[in-house]
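Here's the structure we're looking at; comments come further down.
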Amino acid sequence: MSEEPPRRNPGLLGRPAALVPARSDAGIPENPAAERLAGLAFVAALLAGIGLLVVYVLGGQTQIEAVLLTACLGGIGFGIIVWAQALLPNAPVTEVRHPLGSEESAADPGDALAAPAITRRTMLVRLMLGAFAGLAAALAVPVFSLGPAPGRELFVTPWRKGLRLVDETNIPVLGAQIPVGGLLTVFPEGYPGSADGQTLLINVGPGRLQLAPDRASWAPNGFVAYSKVCTHAGCPVGLYRATLESLICPCHQSTFDVLRGAVPTGGPAVRPLPQLPITLQPDGTFAALGDFPEPVGPSFWNVHSGG
Amino acid sequence: MCTAVADERASGAPGRAIDGGPVQEPRRPTELERIAIWFDRRTGFGRYAGTVLRKVFPDHWTFLLGEVALFCFVILLATGVFMTFFYTPDSRPTTYHGPYAPLDGTQVSAAFGSVMRLSFEVRAGLLMRQIHHWTALVFLGSIAVHLARVFFTGAFRRPRDINWVVGVGLLLLALAEGFTGYSLPDDLLSGTGLRIAYSAAISIPFIGPWLASLIFGGEFPTLDLISRLFVFHVMLFPGLLIAGIGTHLLFVFVQSHTQYKGGTRREDNVVGQPFWPGQVFRSVGLLFMTAAVISLIAGLIQINPIWLYGPFIPYAVSSPAQPDWYVGWLEGALRLGLPIEPTILGVTIPAPFIPGVVIPTILITGLLLWPFIEARLTHDRAEHHLLDWPWESPVRVATGAAAISLFLVFTLAGGNDVIGVFLNVPVESLTMVFRVLLVVLAVGTWVAIYWLASARRRRGEVERAVETAPGGIALRRTPDGGFQEVEGSPGGQPTQGGPPA
C-alpha cells in the first residue's frame, strides 16, 4: 500500500510525528447558502431540544413534546442531509469489485480444514455424532418441563353435576333475570370467570327450541346453555343477533343457530357449540346436570376420541 | 477524474497533494485525525479502518429502505429499554388505581396496570409507548418494502442468496417480536390474539396440544404466559435480531452492494460514494429523519389505546377486532378458511390448521427458498452484481405480484367485518367474495403481469441488440429513416437477446 519505508504499524494516518501531510481542499464544494441552511437547521434543533425540556419540566404534554422532538430530530437530520448533499464531495467514485471465493492455489479451504485427519476416522465421527444425538435427547428434559403433558384438560371443564350457574361475581343466576330474547354469561359455582367453563344462558321462550330428542330436557322452560368458547379458534362468542337468534363470534364471524343446538350456519367453525345440560331448581336457580358432552373450544387432532 | 483521486488517496503517496499539485507543508492534525491516531496507536485499527472508510456504496433511494428498517430497530431498542423500567411482566391480578377514572378500582393484571401507569403517570411515557408501537409498524413495513425491492430486482441471486436467507430469518424474527410485544400490555384485544394463536398451535395434528402446552405453560390462559412473552420480546428475539442484523450487514459489506444497470456501472465494479463521509452522513441524516417522522406520527395519532380495550378477561371480547397490520393476513386467512374438519383414521384436521398453519408455512418456505427455486427454473447460477429491472424476469415479477395479491386479499379479509359495516354488505357474502377473489386475483395477476413483463422484455432486448451491436460501432435508426451512431456504445460486446425477432 504505502511507498514509505515499512513500519511495524502504518495505521490509518500513520505518522509517528505530530504533523500529518498537507491535504488540499480540492473537491470540497463551496456553497455558502447550503452552509447557512444546515446551520439554521442545527440551531432549530438546539432550540427545539431546549423547548422540549421546558415543556417536560412544566408538566409535559404528549402532542407538544412530539412536535418539539420532531423538530429536534428533524433539524439534526435535515442539517446533516444538506451537508451530505451540498457540502461533501459528491463525484461518484468507482471501485473494482473483487471476485468472491478464495483462489484455490492461495487458500484452499480444504487445507485449513485438515479434512482427511477427520474424515478418515469414520467410526469415530459416527460415534461423536451419536454422542451429540444423546445430548439432544438430554436437552428434551428442560424443554418438557416448560408445560404439563396435555392430559384431559382439553376435554373437560369445571362443570359438574349439581353446580349452580353463577355470574362473574359467583352469585347464582335466577331465571327471572333473563327476559325472553335475553342472554347472560354464566360460570360454574365456585369458578367465576372460568375460561373454559364460560357459558351462555339464553332465554328463547318455551316451545321454540328444536334440539335433538335426548337433549330437549337439557333446556328447561326455553332456557338453553351453550359453551361460550368458539369451536373455531377459541374466542368468546360475544355477539348475539336476537332477531335471527344466532350467536356470532367477532373474531372470525362463525355463526351458530341458537334454536337448533348451536350448529354452525356460517363462517369457518365446524362443530356446534357444546350444550350444557341444565335443570331449573325449585328456588329459581339453575344447576348443571354434568359437564359438556363434548370438548369445548377449538378442535385438536383427537377431539373426537372422547379423551 | 474522481477515480484517480480516490486511488492516490489510498496509496498515501508522501509529499504530493492529492490533486497532483506542488508539495505542501505538513500541518497539525485536525481533532478528528487526532482521535483516530489515538485509537490507532492502541489498537492498530487504522489498517482496517482505511478499507472500511473508503469502501464504495452505490447510491439509489431504493437502497435506503433496508436502512430505514435498521434505524427503526435502533429506535425500538431505545424506546423499548425505557419502557422496561416501568413494565411489570406479571399476569397476577391487582386493583388499578390511577388517573384514568373509568378503570379506577377495577381488577387488572399487574402487567396491564403497569402499562396504564406508563401511559398516564410517567411523564413522556405515553409518547415513548406510542413511538415504540408506531416504529414497530414502520419497522415491519420497511422490511416488507425492502424485501420487495430485493425480490423484484433479483438482488437475491448468487452470491446474495445467502443473505436473502438471513433476511427472511430477520423478517420472521421481526414478526415474532411484533406479535409478542403487542401482547405484553395484557389488554383485551391482544389477549384475544393470544387465544387465537393458542388455538392455531393446538390444531397441529399429534404434536399440537403438546406444543401449545410447552409454549404457553399449560392450557390457555396461564399465569406464566406474560412473563414468558416478556423474555422472548426483550431478550431472546432482540438478541437474535442483533446477531442477524450484524450478519446481514457483514454480508452486504463483504459482497459489496449491488447496483442498477447504466452509466459506468458494470458487473466488475462498484460506483457510488465512499462509506466515509458521504454514506455515513446520508445514513445518519436518514436515521434522524426517520425518528423525526415517526415521532410526529406517534405524538399526534393515537395507537393501541389499551384503556379503551380494557384488561384481558377470558370471557370478554371486543368487536370489531383487528390486529396490527402485519398479522392481518393471518387473521384474514383464518376468516376465509373453509368450514371443513375431516377425521381420517381417528385424526381430526381442525379447521384452523390449513389456513392458520399450513398456508403460512408454505408461503414462508417459498419465500425463503425462492433464490434456489429460481436458480433451478432458469439454470442461472452465475454471480450477479447488476440488478435486473423487474420486467427482465417475467416469471419472477409475476410470482411476486401474485404473492402480493394473496397478501392483500388475506389482509382485507382480516377486516371483513369492518368492510361489511362500511359497505353495508353481509359479512358472509364478503367472505365468499374474498374466497373467490383470493384465487382469481392471484391467477389473474400472475398471467397479466407475466404477459406485460414479457412484452416489455422483448422490447428491451430489441433495444439492447441495437445498442450493443458487434463491430465496435452501434447504429440507431432515426425516426426519418436514417442511421445514427449511438454515443458511448460499448461496442464488441455480444448481444444478450440475439438479433431482433
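Scheme for the C-alpha cells: letters A, B, ... for chains in order shown; per-chain residue numbers from 1; ligand numbers from 1 in order shown.
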Which residues are near B:Ala413? Cut-off 9 Å, only C-alpha atoms, ignore same chain within fewer than 5 positions. Put them as a list in words. Gly328, Trp329, Glu331, Gly332, Ala333, Arg335, Leu336, Leu408, Ile419, Leu430, Thr431, Phe434 and Arg435 of chain B
With stretch 77-98 of chain B as the partner and 6 Å as the cut-off, tabulate the residues of stretch 195-248 of chain B that qualify, each row holding the nearest pair of atoms and their distance in Å to one decimal, using only C-alpha atoms, sorted by chain and rising number, as CSV.
residue,atom,partner,partner_atom,distance
B:Leu223,CA,B:Ser91,CA,5.4
B:Ile226,CA,B:Pro89,CA,5.8
B:Ser227,CA,B:Pro89,CA,4.8
Writing out the chosen residues with C-alpha atoms as a compact mmCIF listing (two decimals), in the first residue's frame:
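Ended up saving to part.txt:
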# COMPACT_ATOMS: atom_id res chain seq x y z
CA LEU B 223 -50.25 -17.19 34.63
CA ILE B 226 -46.93 -12.84 30.08
CA SER B 227 -43.57 -13.36 31.79
Check your understanding: What residues in stretch 44-279 of chain A get the DSSP label strand (DSSP E)? Please answer as a ChimeraX atom specification.
Key -> /A:93-96,165-166,183-188,199-203,223-227,239-241,246-248,255-257,263-266,278-279
Residues as selected, N, CA and C atoms, written as an mmCIF file, in the first residue's frame, can you do that?
data_model
loop_
_atom_site.group_PDB
_atom_site.id
_atom_site.type_symbol
_atom_site.label_atom_id
_atom_site.label_comp_id
_atom_site.auth_asym_id
_atom_site.auth_seq_id
_atom_site.Cartn_x
_atom_site.Cartn_y
_atom_site.Cartn_z
ATOM 1 N N VAL A 93 -17.453 7.693 -7.156
ATOM 2 C CA VAL A 93 -16.166 7.016 -7.046
ATOM 3 C C VAL A 93 -16.362 5.600 -7.566
ATOM 4 N N THR A 94 -15.394 5.115 -8.335
ATOM 5 C CA THR A 94 -15.502 3.755 -8.861
ATOM 6 C C THR A 94 -14.487 2.862 -8.167
ATOM 7 N N GLU A 95 -14.941 1.697 -7.772
ATOM 8 C CA GLU A 95 -14.082 0.753 -7.080
ATOM 9 C C GLU A 95 -14.152 -0.559 -7.854
ATOM 10 N N VAL A 96 -13.053 -1.282 -7.885
ATOM 11 C CA VAL A 96 -13.065 -2.589 -8.550
ATOM 12 C C VAL A 96 -13.785 -3.574 -7.641
ATOM 13 N N LEU A 165 -75.460 -22.328 38.260
ATOM 14 C CA LEU A 165 -75.000 -21.349 37.277
ATOM 15 C C LEU A 165 -74.906 -19.995 37.977
ATOM 16 N N VAL A 166 -73.681 -19.409 37.964
ATOM 17 C CA VAL A 166 -73.478 -18.138 38.661
ATOM 18 C C VAL A 166 -72.959 -17.091 37.676
ATOM 19 N N LEU A 183 -79.831 -12.849 27.184
ATOM 20 C CA LEU A 183 -78.831 -13.876 27.477
ATOM 21 C C LEU A 183 -77.844 -13.346 28.509
ATOM 22 N N LEU A 184 -77.124 -14.260 29.160
ATOM 23 C CA LEU A 184 -76.197 -13.899 30.225
ATOM 24 C C LEU A 184 -75.018 -14.871 30.171
ATOM 25 N N THR A 185 -73.817 -14.347 30.472
ATOM 26 C CA THR A 185 -72.651 -15.222 30.570
ATOM 27 C C THR A 185 -72.605 -15.792 31.977
ATOM 28 N N VAL A 186 -72.570 -17.119 32.087
ATOM 29 C CA VAL A 186 -72.589 -17.758 33.402
ATOM 30 C C VAL A 186 -71.392 -18.692 33.555
ATOM 31 N N PHE A 187 -71.129 -19.050 34.821
ATOM 32 C CA PHE A 187 -69.968 -19.869 35.150
ATOM 33 C C PHE A 187 -70.396 -20.930 36.160
ATOM 34 N N PRO A 188 -69.573 -21.986 36.323
ATOM 35 C CA PRO A 188 -69.883 -22.971 37.369
ATOM 36 C C PRO A 188 -69.677 -22.317 38.741
ATOM 37 N N THR A 199 -70.115 -19.934 29.821
ATOM 38 C CA THR A 199 -71.297 -20.492 29.169
ATOM 39 C C THR A 199 -72.302 -19.374 28.943
ATOM 40 N N LEU A 200 -73.029 -19.474 27.840
ATOM 41 C CA LEU A 200 -74.089 -18.510 27.572
ATOM 42 C C LEU A 200 -75.430 -19.131 27.949
ATOM 43 N N LEU A 201 -76.182 -18.456 28.823
ATOM 44 C CA LEU A 201 -77.519 -18.909 29.190
ATOM 45 C C LEU A 201 -78.508 -18.001 28.453
ATOM 46 N N ILE A 202 -79.274 -18.602 27.548
ATOM 47 C CA ILE A 202 -80.145 -17.817 26.667
ATOM 48 C C ILE A 202 -81.598 -18.221 26.912
ATOM 49 N N ASN A 203 -82.468 -17.212 27.018
ATOM 50 C CA ASN A 203 -83.892 -17.483 27.160
ATOM 51 C C ASN A 203 -84.559 -17.229 25.814
ATOM 52 N N PHE A 223 -84.914 -22.100 28.429
ATOM 53 C CA PHE A 223 -83.563 -21.642 28.789
ATOM 54 C C PHE A 223 -82.558 -22.671 28.272
ATOM 55 N N VAL A 224 -81.657 -22.222 27.402
ATOM 56 C CA VAL A 224 -80.668 -23.150 26.854
ATOM 57 C C VAL A 224 -79.276 -22.599 27.139
ATOM 58 N N ALA A 225 -78.322 -23.509 27.425
ATOM 59 C CA ALA A 225 -76.958 -23.079 27.786
ATOM 60 C C ALA A 225 -75.964 -23.696 26.819
ATOM 61 N N TYR A 226 -75.183 -22.826 26.178
ATOM 62 C CA TYR A 226 -74.134 -23.289 25.258
ATOM 63 C C TYR A 226 -72.786 -22.776 25.734
ATOM 64 N N SER A 227 -71.733 -23.547 25.436
ATOM 65 C CA SER A 227 -70.377 -23.078 25.724
ATOM 66 C C SER A 227 -70.136 -21.767 24.990
ATOM 67 N N LEU A 239 -71.241 -12.072 20.345
ATOM 68 C CA LEU A 239 -72.312 -11.306 19.708
ATOM 69 C C LEU A 239 -73.564 -12.170 19.573
ATOM 70 N N TYR A 240 -74.714 -11.562 19.872
ATOM 71 C CA TYR A 240 -75.987 -12.282 19.757
ATOM 72 C C TYR A 240 -76.922 -11.462 18.895
ATOM 73 N N ARG A 241 -77.335 -12.037 17.775
ATOM 74 C CA ARG A 241 -78.287 -11.363 16.899
ATOM 75 C C ARG A 241 -79.664 -11.863 17.297
ATOM 76 N N SER A 246 -79.158 -15.981 16.448
ATOM 77 C CA SER A 246 -77.876 -16.618 16.147
ATOM 78 C C SER A 246 -76.775 -15.949 16.960
ATOM 79 N N LEU A 247 -75.799 -16.779 17.341
ATOM 80 C CA LEU A 247 -74.623 -16.296 18.050
ATOM 81 C C LEU A 247 -73.510 -16.108 17.026
ATOM 82 N N ILE A 248 -72.756 -15.009 17.169
ATOM 83 C CA ILE A 248 -71.695 -14.721 16.209
ATOM 84 C C ILE A 248 -70.402 -14.481 16.969
ATOM 85 N N THR A 255 -70.982 -18.331 12.838
ATOM 86 C CA THR A 255 -72.343 -18.069 13.276
ATOM 87 C C THR A 255 -72.995 -19.384 13.701
ATOM 88 N N PHE A 256 -73.729 -19.340 14.820
ATOM 89 C CA PHE A 256 -74.326 -20.554 15.368
ATOM 90 C C PHE A 256 -75.813 -20.330 15.586
ATOM 91 N N ASP A 257 -76.622 -21.343 15.240
ATOM 92 C CA ASP A 257 -78.078 -21.255 15.333
ATOM 93 C C ASP A 257 -78.517 -21.682 16.735
ATOM 94 N N VAL A 263 -75.751 -25.262 15.959
ATOM 95 C CA VAL A 263 -74.978 -25.762 14.826
ATOM 96 C C VAL A 263 -74.454 -24.550 14.045
ATOM 97 N N PRO A 264 -73.246 -24.677 13.475
ATOM 98 C CA PRO A 264 -72.704 -23.542 12.724
ATOM 99 C C PRO A 264 -73.473 -23.330 11.426
ATOM 100 N N THR A 265 -73.839 -22.092 11.153
ATOM 101 C CA THR A 265 -74.555 -21.777 9.917
ATOM 102 C C THR A 265 -73.756 -20.850 9.023
ATOM 103 N N GLY A 266 -72.590 -20.416 9.470
ATOM 104 C CA GLY A 266 -71.760 -19.539 8.649
ATOM 105 C C GLY A 266 -70.391 -19.401 9.263
ATOM 106 N N ILE A 278 -78.701 -28.553 31.763
ATOM 107 C CA ILE A 278 -79.058 -27.802 32.981
ATOM 108 C C ILE A 278 -80.483 -28.154 33.407
ATOM 109 N N THR A 279 -80.749 -27.836 34.631
ATOM 110 C CA THR A 279 -82.104 -28.037 35.152
ATOM 111 C C THR A 279 -82.499 -26.822 35.980
#
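The space between atom CA of B:Gly125 and atom CA of B:Ser318 spans 25.7 Å.
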Residue list for chain A near chain B as a PyMOL selection string, 6 Å, only C-alpha atoms:
chain A and resi 1-2+11-12+19-23+62-63+66-67+70+73-74+77+80-81+84+92-97+146-148+150+195+233+236+250+252+268-270+299-302
Could you write out the selected residues, including C-alpha atoms, as a PDB file, in the first residue's frame?
ATOM      1  CA  MET A   1       0.000   0.000   0.000  1.00  0.00           C
ATOM      2  CA  SER A   2       2.446   2.634   1.199  1.00  0.00           C
ATOM      3  CA  GLY A  11      -2.031   2.927  10.744  1.00  0.00           C
ATOM      4  CA  LEU A  12      -4.807   4.980   9.288  1.00  0.00           C
ATOM      5  CA  LEU A  19       2.462  16.537  11.945  1.00  0.00           C
ATOM      6  CA  VAL A  20       0.439  14.952   9.156  1.00  0.00           C
ATOM      7  CA  PRO A  21       0.836  15.617   5.446  1.00  0.00           C
ATOM      8  CA  ALA A  22      -0.956  18.541   3.945  1.00  0.00           C
ATOM      9  CA  ARG A  23      -4.171  17.820   2.116  1.00  0.00           C
ATOM     10  CA  THR A  62     -47.701  14.494  24.687  1.00  0.00           C
ATOM     11  CA  GLN A  63     -48.537  16.360  21.483  1.00  0.00           C
ATOM     12  CA  ALA A  66     -43.892  15.112  19.981  1.00  0.00           C
ATOM     13  CA  VAL A  67     -43.769  18.213  17.796  1.00  0.00           C
ATOM     14  CA  THR A  70     -39.749  16.019  15.740  1.00  0.00           C
ATOM     15  CA  LEU A  73     -34.568  15.186  15.410  1.00  0.00           C
ATOM     16  CA  GLY A  74     -35.661  16.625  12.069  1.00  0.00           C
ATOM     17  CA  GLY A  77     -31.394  15.078  10.190  1.00  0.00           C
ATOM     18  CA  ILE A  80     -26.771  16.519   8.081  1.00  0.00           C
ATOM     19  CA  ILE A  81     -28.502  15.687   4.812  1.00  0.00           C
ATOM     20  CA  ALA A  84     -24.074  15.460   2.730  1.00  0.00           C
ATOM     21  CA  PRO A  92     -19.081   9.261  -7.974  1.00  0.00           C
ATOM     22  CA  VAL A  93     -16.166   7.016  -7.046  1.00  0.00           C
ATOM     23  CA  THR A  94     -15.502   3.755  -8.861  1.00  0.00           C
ATOM     24  CA  GLU A  95     -14.082   0.753  -7.080  1.00  0.00           C
ATOM     25  CA  VAL A  96     -13.065  -2.589  -8.550  1.00  0.00           C
ATOM     26  CA  ARG A  97     -15.315  -5.410  -7.455  1.00  0.00           C
ATOM     27  CA  LEU A 146     -41.940 -25.962  30.185  1.00  0.00           C
ATOM     28  CA  GLY A 147     -45.507 -27.167  30.392  1.00  0.00           C
ATOM     29  CA  PRO A 148     -47.563 -30.046  31.741  1.00  0.00           C
ATOM     30  CA  PRO A 150     -51.626 -32.407  27.827  1.00  0.00           C
ATOM     31  CA  ALA A 195     -62.001 -19.528  30.758  1.00  0.00           C
ATOM     32  CA  ALA A 233     -60.358 -20.583  17.260  1.00  0.00           C
ATOM     33  CA  PRO A 236     -65.641 -15.875  23.293  1.00  0.00           C
ATOM     34  CA  PRO A 250     -66.451 -11.438  16.487  1.00  0.00           C
ATOM     35  CA  HIS A 252     -63.782 -14.868  12.501  1.00  0.00           C
ATOM     36  CA  PRO A 268     -65.220 -21.214   9.438  1.00  0.00           C
ATOM     37  CA  ALA A 269     -66.483 -23.143  12.514  1.00  0.00           C
ATOM     38  CA  VAL A 270     -67.456 -26.790  12.010  1.00  0.00           C
ATOM     39  CA  SER A 299     -60.666 -28.775  17.675  1.00  0.00           C
ATOM     40  CA  PHE A 300     -57.440 -30.737  18.042  1.00  0.00           C
ATOM     41  CA  TRP A 301     -56.329 -33.975  16.448  1.00  0.00           C
ATOM     42  CA  ASN A 302     -58.023 -36.354  18.900  1.00  0.00           C
TER      43      ASN A 302
END
Using DSSP on the backbone coordinates, identify all residues within stretch 111-303 of chain A classified as alpha helix (DSSP H); present the result as a ChimeraX atom specification. /A:111-113,115-119,122-144
Go ahead and dump the residues you just picked, C-alpha atoms, as a short mmCIF file (atom, residue, chain, number, x, y, z; two decimals), in the first residue's frame.
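Listed below is the output, part-v9.cif:
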data_model
loop_
_atom_site.label_atom_id
_atom_site.label_comp_id
_atom_site.auth_asym_id
_atom_site.auth_seq_id
_atom_site.Cartn_x
_atom_site.Cartn_y
_atom_site.Cartn_z
CA ASP A 111 -6.30 -27.33 3.50
CA ALA A 112 -7.24 -25.36 6.60
CA LEU A 113 -9.97 -27.82 7.44
CA ALA A 115 -10.26 -32.72 6.29
CA PRO A 116 -8.55 -36.13 5.90
CA ALA A 117 -7.42 -36.14 9.52
CA ILE A 118 -11.06 -36.04 10.50
CA THR A 119 -12.96 -37.83 7.74
CA THR A 122 -15.34 -42.68 10.01
CA MET A 123 -16.25 -44.74 13.02
CA LEU A 124 -15.16 -42.08 15.47
CA VAL A 125 -17.10 -39.42 13.56
CA ARG A 126 -20.23 -41.55 13.78
CA LEU A 127 -19.74 -42.20 17.47
CA MET A 128 -19.29 -38.47 18.10
CA LEU A 129 -22.48 -37.68 16.15
CA GLY A 130 -24.19 -40.34 18.24
CA ALA A 131 -22.94 -38.65 21.39
CA PHE A 132 -24.43 -35.36 20.21
CA ALA A 133 -27.73 -37.12 19.48
CA GLY A 134 -27.64 -38.28 23.10
CA LEU A 135 -27.08 -34.70 24.23
CA ALA A 136 -30.03 -33.56 22.09
CA ALA A 137 -32.20 -36.17 23.80
CA ALA A 138 -30.99 -34.97 27.17
CA LEU A 139 -31.90 -31.40 26.23
CA ALA A 140 -35.52 -32.53 25.86
CA VAL A 141 -35.62 -32.72 29.66
CA PRO A 142 -35.74 -28.96 30.30
CA VAL A 143 -37.99 -28.49 27.25
CA PHE A 144 -40.61 -30.86 28.59
#
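In terms of minimum interatomic distance to A:Leu276, A:Ala216 ranks closest within A:Val82, A:Val173, A:Cys235, A:Ala216, counting only C-alpha atoms.
One finds atom CA of B:Ala144 at 29.1 Å from atom CA of B:Leu423.
Shell of B:Asp388 at 9 Å, with only C-alpha atoms counted and residues fewer than 6 places along the chain excluded, is Phe152, Thr153, Gly154, Ala155, Tyr260 and Lys261 of chain B.
With atom CA of A:Asp291 on one side and atom CA of A:Val156 on the other, the separation reads 7.2 Å.
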Nearby residues (only C-alpha atoms) at most 8 Å from stretch 134-140 of chain B, same-chain spacing under 3 positions excluded, as a PyMOL selection string:
chain B and resi 68-70+72-73+75-76+130-131+143-144+171+174-175+178+294+297-298+303+324-326
Selected residues written out with N, CA and C atoms, as a JSON list (two decimals), in the first residue's frame:
[["chain", "number", "residue", "atom", "x", "y", "z"],
["B", 68, "VAL", "N", -33.85, 2.17, 6.58],
["B", 68, "VAL", "CA", -34.97, 2.64, 7.40],
["B", 68, "VAL", "C", -35.33, 1.55, 8.42],
["B", 69, "ALA", "N", -35.35, 0.29, 7.95],
["B", 69, "ALA", "CA", -35.65, -0.81, 8.89],
["B", 69, "ALA", "C", -34.61, -0.85, 10.00],
["B", 70, "LEU", "N", -33.34, -0.71, 9.64],
["B", 70, "LEU", "CA", -32.27, -0.73, 10.65],
["B", 70, "LEU", "C", -32.47, 0.40, 11.67],
["B", 72, "CYS", "N", -35.26, 1.94, 12.39],
["B", 72, "CYS", "CA", -36.42, 1.62, 13.23],
["B", 72, "CYS", "C", -36.00, 0.71, 14.38],
["B", 73, "PHE", "N", -35.14, -0.25, 14.07],
["B", 73, "PHE", "CA", -34.68, -1.16, 15.12],
["B", 73, "PHE", "C", -33.94, -0.39, 16.21],
["B", 75, "ILE", "N", -34.45, 2.74, 17.04],
["B", 75, "ILE", "CA", -35.46, 3.48, 17.82],
["B", 75, "ILE", "C", -36.21, 2.52, 18.74],
["B", 76, "LEU", "N", -36.50, 1.31, 18.24],
["B", 76, "LEU", "CA", -37.21, 0.32, 19.06],
["B", 76, "LEU", "C", -36.38, -0.06, 20.28],
["B", 130, "GLN", "N", -46.05, 5.17, 22.39],
["B", 130, "GLN", "CA", -46.62, 5.33, 21.05],
["B", 130, "GLN", "C", -45.53, 5.34, 19.98],
["B", 131, "ILE", "N", -44.36, 5.93, 20.31],
["B", 131, "ILE", "CA", -43.25, 5.89, 19.35],
["B", 131, "ILE", "C", -42.84, 4.43, 19.13],
["B", 143, "ILE", "N", -39.28, -3.34, 6.25],
["B", 143, "ILE", "CA", -38.73, -4.66, 5.92],
["B", 143, "ILE", "C", -39.46, -5.23, 4.71],
["B", 144, "ALA", "N", -40.80, -5.09, 4.70],
["B", 144, "ALA", "CA", -41.59, -5.63, 3.60],
["B", 144, "ALA", "C", -41.22, -4.95, 2.28],
["B", 171, "LEU", "N", -36.98, -11.21, 8.97],
["B", 171, "LEU", "CA", -38.40, -10.89, 8.84],
["B", 171, "LEU", "C", -39.23, -11.70, 9.83],
["B", 174, "ALA", "N", -38.71, -10.41, 13.25],
["B", 174, "ALA", "CA", -39.41, -9.13, 13.44],
["B", 174, "ALA", "C", -40.90, -9.37, 13.65],
["B", 175, "LEU", "N", -41.48, -10.32, 12.91],
["B", 175, "LEU", "CA", -42.89, -10.66, 13.09],
["B", 175, "LEU", "C", -43.13, -11.18, 14.51],
["B", 178, "GLY", "N", -42.84, -8.40, 16.92],
["B", 178, "GLY", "CA", -44.04, -7.57, 16.89],
["B", 178, "GLY", "C", -45.20, -8.22, 17.63],
["B", 294, "ILE", "N", -41.44, 9.55, 12.60],
["B", 294, "ILE", "CA", -42.17, 8.63, 13.48],
["B", 294, "ILE", "C", -42.61, 9.36, 14.75],
["B", 297, "ILE", "N", -45.79, 11.32, 13.92],
["B", 297, "ILE", "CA", -46.96, 10.43, 13.78],
["B", 297, "ILE", "C", -47.36, 9.92, 15.16],
["B", 298, "ALA", "N", -46.35, 9.44, 15.91],
["B", 298, "ALA", "CA", -46.63, 8.79, 17.19],
["B", 298, "ALA", "C", -47.18, 9.77, 18.22],
["B", 303, "ILE", "N", -52.38, 5.28, 19.13],
["B", 303, "ILE", "CA", -52.25, 3.88, 18.73],
["B", 303, "ILE", "C", -52.39, 3.00, 19.96],
["B", 324, "ASP", "N", -52.44, -5.78, 14.54],
["B", 324, "ASP", "CA", -51.55, -4.89, 13.79],
["B", 324, "ASP", "C", -51.44, -5.38, 12.34],
["B", 325, "TRP", "N", -51.05, -4.46, 11.44],
["B", 325, "TRP", "CA", -51.22, -4.74, 10.02],
["B", 325, "TRP", "C", -50.50, -6.00, 9.56],
["B", 326, "TYR", "N", -49.32, -6.27, 10.15],
["B", 326, "TYR", "CA", -48.52, -7.39, 9.65],
["B", 326, "TYR", "C", -49.07, -8.74, 10.09]]
